[in-house]
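*Asks:* Here it is: the structure, laid out below.
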Amino acid sequence: MTVEQLADKSNPFMKGKSKETLDAFWGITSYVSGTYDSPSGFVKLNNKITELESTHGGRNKFRLYYLALPPAVFIPVCTQLKNHCWIDTTKHRHSECRVIVEKPFGRDLESSNQLAQAITGLFMEKEIYRIDHYLGKEMVLNLMILRFGNEIFRTLWNRERIECVIITFKEPFGTQGRGGYFDTNGIIRDVMQNHLLQILCLVAMEPPVSVDA
């Protein structure tokens, strides 16, 4: 796939962006293809990043790898990143690397513990971020402000005055190429035990002592 083909597939889902903005975005975008477990693709990726760092970067380098991948390939991908794409910070003191692992982090407690053990064996804890992208949605982020920063709702939002809470999850599309993922993980693991339960927590929890991680 070329960057142009990637742009054609992605542009229809880009909201509120002018053609000039999209052209500028794709002008600084690169695409490198490879398989999850083959070193050759990660060597190509590292070469491309190094090329971009040489052209646009300075002495300080910061690499951020975002893994929006099936949990079954987290370990091989992290291993390849560590072996071929990671900056040796003992030699480059002004450079850093981070890896973001997106949910689901395993499919049960056992596989989650296995993933955690494998990934922490490759990277330092400060180099790992575990996230749920759903919590980054604007509506979800606004729940905290709506509840605790709004004087009207702050005093009314409790069990004495709210009888029922209904959380509705709707998507205007089907699995669309994600069948293999859902066959392995299922919609309950994918949505209910993380996305929706975390929204329920934001709706029903006590005010947090701190919003720091």
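Residue numbering restarts at 1 in every chain; chains get A, B, ... in the order shown in the structure tokens, and ligands count up from 1 in that same order.
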Please, which residues of range 128-209 of chain A, numbered as in this document, come out strand (DSSP E) from DSSP, as a list in words?
*Replies:*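 Checking each residue of range 128-209 of chain A, the strand (DSSP E) ones are Ile128, Tyr129, Arg130 and Ile131 of chain A.
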*Asks:* Find the residues near Met205 in chain A: any atom within 12 Å, counting only C-alpha atoms, skip ones fewer than 3 places away on the same chain, and give them as a PyMOL selection string.
*Replies:* chain A and resi 143-144+147-148+157-159+197-202+208-209
*Asks:* Output C-alpha atoms of each residue in that selection to a file, as a PDB file, in the first residue's frame.
*Replies:*
```
ATOM      1  CA  LEU A 143     -18.342  13.062  32.090  1.00  0.00           C
ATOM      2  CA  MET A 144     -15.917  14.105  34.831  1.00  0.00           C
ATOM      3  CA  ARG A 147     -20.434  15.580  37.193  1.00  0.00           C
ATOM      4  CA  PHE A 148     -17.884  17.292  39.369  1.00  0.00           C
ATOM      5  CA  TRP A 157     -25.974  13.167  40.923  1.00  0.00           C
ATOM      6  CA  ASN A 158     -26.490  10.511  43.594  1.00  0.00           C
ATOM      7  CA  ARG A 159     -28.585   7.439  44.401  1.00  0.00           C
ATOM      8  CA  LEU A 197     -17.777  -0.772  32.709  1.00  0.00           C
ATOM      9  CA  GLN A 198     -15.332   2.129  32.741  1.00  0.00           C
ATOM     10  CA  ILE A 199     -18.085   4.489  31.609  1.00  0.00           C
ATOM     11  CA  LEU A 200     -20.253   3.079  34.404  1.00  0.00           C
ATOM     12  CA  CYS A 201     -17.440   3.841  36.837  1.00  0.00           C
ATOM     13  CA  LEU A 202     -17.253   7.442  35.619  1.00  0.00           C
ATOM     14  CA  PRO A 208     -11.577  11.048  42.748  1.00  0.00           C
ATOM     15  CA  VAL A 209      -8.930  12.262  45.138  1.00  0.00           C
TER      16      VAL A 209
END
```
*Asks:* So that I can check the secondary structure, give me every residue of range 36-159 of chain A assigned alpha helix (DSSP H) by backbone DSSP, as number ranges by chain.
*Replies:* A: 39-56, 74-84, 109-122, 138-148, 151-154
*Asks:* Neighbours of Leu81 in chain A within 10 Å (only C-alpha atoms; same-chain residues fewer than 5 positions away dropped), as a PyMOL selection string?
*Replies:* chain A and resi 39+42-43+45-46+65+75-76+86-87+99+122
*Asks:* Would you kindly return, as a ChimeraX atom specification, each protein, DNA or RNA residue with an atom no farther than 12 Å from any atom of Ile187 in chain A, considering only C-alpha atoms and excluding same-chain residues fewer than 3 positions away?
*Replies:* /A:104,107,169,174-175,178-184,190-196
*Asks:* Find the residues near range 123-136 of chain A: any atom within 7 Å, counting only C-alpha atoms, skip ones fewer than 5 places away on the same chain, and give them as an mmCIF file with C-alpha atoms, in the first residue's frame.
*Replies:*
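File written: out_0.cif
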```cif
data_model
loop_
_atom_site.group_PDB
_atom_site.id
_atom_site.type_symbol
_atom_site.label_atom_id
_atom_site.label_comp_id
_atom_site.auth_asym_id
_atom_site.auth_seq_id
_atom_site.Cartn_x
_atom_site.Cartn_y
_atom_site.Cartn_z
ATOM 1 C CA CYS A 97 11.376 5.367 23.517
ATOM 2 C CA ARG A 98 7.845 4.536 24.619
ATOM 3 C CA VAL A 99 5.366 1.830 23.635
ATOM 4 C CA ILE A 100 1.582 2.216 23.955
ATOM 5 C CA VAL A 101 -0.370 -1.018 24.318
ATOM 6 C CA GLU A 102 -4.069 -0.677 23.599
ATOM 7 C CA LYS A 103 -6.701 -2.888 25.186
ATOM 8 C CA LEU A 141 -13.818 12.877 28.933
ATOM 9 C CA HIS A 195 -15.399 0.327 27.618
#
```
*Asks:* Residues at most 6 Å from Gly106 in chain A, counting only C-alpha atoms, excluding those fewer than 3 positions away in the same chain, as a PyMOL selection string?
*Replies:* chain A and resi 71+111-112
